[in-house]
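Written out below as structure tokens is the structure these notes cover.
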Amino acid sequence: MLLEEFNFKTEVLQAAEPVLVDFWAEWCGPCRTMTPTLEKLARDFKVCKVNVDRNPKLAARYQVSSIPALFIFKNGQVAAQHLGVTPEQTLRADLERWT
């Protein structure tokens, strides 16, 4: 699910389940590398994407200075954070921990 500033609060901060948020950009090669991993995780967990070029205020709010930046939110708070290409097992373990 693609997020914008208007739906971030509802879809992420107010979500009952943990949410993996991928801060990315179309021009980012490592971000494209993460696509298959994120698609696999989206079968079992809520995964959302925030385009940093279209949502610079959201990126700034979470101090995203390099991408991909992967945040796991639980109860409206950042529960885990990973920068760069991250293995599926690492993300899955974090999501399961917060489920």
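Chain labels A, B, ... are given in the sequence in which chains occur in the structure tokens; within each chain residues are numbered consecutively from 1, and ligands are likewise numbered from 1 in the order shown.
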Just the residues within 7 Å of range 88-95 of chain A, please, counting only C-alpha atoms, with nothing from its chain fewer than 4 positions along; format it as a list in words.
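Selected residues are Pro18, Thr37 and Thr99 of chain A.
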Could you take the residues named above and write them with C-alpha atoms, as an mmCIF file, in the first residue's frame?
```cif
data_model
loop_
_atom_site.group_PDB
_atom_site.id
_atom_site.type_symbol
_atom_site.label_atom_id
_atom_site.label_comp_id
_atom_site.auth_asym_id
_atom_site.auth_seq_id
_atom_site.Cartn_x
_atom_site.Cartn_y
_atom_site.Cartn_z
ATOM 1 C CA PRO A 18 2.613 -4.081 13.454
ATOM 2 C CA THR A 37 11.227 -9.301 -0.172
ATOM 3 C CA THR A 99 2.723 -9.449 16.534
#
```
Quick check for you: according to DSSP on this backbone, which residues of chain A are classed as alpha helix (DSSP H)? Reply as a PyMOL selection string.
chain A and resi 5-8+29-41+56-61+88-97
Writer output for current selection, C-alpha atoms, as a PDB file, in the first residue's frame:
```pdb
ATOM      1  CA  GLU A   5       0.846  12.163   4.530  1.00  0.00           C
ATOM      2  CA  PHE A   6      -2.960  12.196   4.650  1.00  0.00           C
ATOM      3  CA  ASN A   7      -3.326   8.450   5.359  1.00  0.00           C
ATOM      4  CA  PHE A   8      -0.133   7.717   7.327  1.00  0.00           C
ATOM      5  CA  GLY A  29      18.445   0.704  -6.982  1.00  0.00           C
ATOM      6  CA  PRO A  30      18.641  -0.864  -3.498  1.00  0.00           C
ATOM      7  CA  CYS A  31      14.967   0.054  -3.009  1.00  0.00           C
ATOM      8  CA  ARG A  32      14.072  -1.922  -6.136  1.00  0.00           C
ATOM      9  CA  THR A  33      16.157  -4.818  -4.801  1.00  0.00           C
ATOM     10  CA  MET A  34      13.903  -4.905  -1.726  1.00  0.00           C
ATOM     11  CA  THR A  35      10.676  -5.227  -3.771  1.00  0.00           C
ATOM     12  CA  PRO A  36      10.502  -9.062  -3.895  1.00  0.00           C
ATOM     13  CA  THR A  37      11.227  -9.301  -0.172  1.00  0.00           C
ATOM     14  CA  LEU A  38       8.558  -6.757   0.686  1.00  0.00           C
ATOM     15  CA  GLU A  39       6.038  -8.515  -1.558  1.00  0.00           C
ATOM     16  CA  LYS A  40       6.681 -11.799   0.277  1.00  0.00           C
ATOM     17  CA  LEU A  41       6.300 -10.142   3.674  1.00  0.00           C
ATOM     18  CA  PRO A  56       9.515  14.802   2.183  1.00  0.00           C
ATOM     19  CA  LYS A  57       7.793  15.912   5.413  1.00  0.00           C
ATOM     20  CA  LEU A  58       7.158  12.303   6.454  1.00  0.00           C
ATOM     21  CA  ALA A  59      10.745  11.368   5.619  1.00  0.00           C
ATOM     22  CA  ALA A  60      12.006  14.335   7.653  1.00  0.00           C
ATOM     23  CA  ARG A  61       9.726  13.485  10.595  1.00  0.00           C
ATOM     24  CA  GLU A  88      13.643 -11.155   4.681  1.00  0.00           C
ATOM     25  CA  GLN A  89      14.426 -13.295   7.748  1.00  0.00           C
ATOM     26  CA  THR A  90      15.532 -10.236   9.725  1.00  0.00           C
ATOM     27  CA  LEU A  91      12.386  -8.274   8.913  1.00  0.00           C
ATOM     28  CA  ARG A  92      10.135 -11.291   9.443  1.00  0.00           C
ATOM     29  CA  ALA A  93      11.672 -11.958  12.882  1.00  0.00           C
ATOM     30  CA  ASP A  94      11.080  -8.337  13.919  1.00  0.00           C
ATOM     31  CA  LEU A  95       7.493  -8.388  12.673  1.00  0.00           C
ATOM     32  CA  GLU A  96       6.778 -11.668  14.454  1.00  0.00           C
ATOM     33  CA  ARG A  97       8.274 -10.278  17.673  1.00  0.00           C
TER      34      ARG A  97
END
```
So, counting only C-alpha atoms, which residue among A:Met1, A:Asn55, A:His82, A:Ile67 is closest to Ala42 in chain A?
A:Met1
For a test of reading the model, state the distance in Å between CA of Gln81 in chain A and CA of Lys49 in chain A, rounded to one decimal.
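According to the coordinates, CA of Gln81 in chain A and CA of Lys49 in chain A are separated by 14.3 Å.
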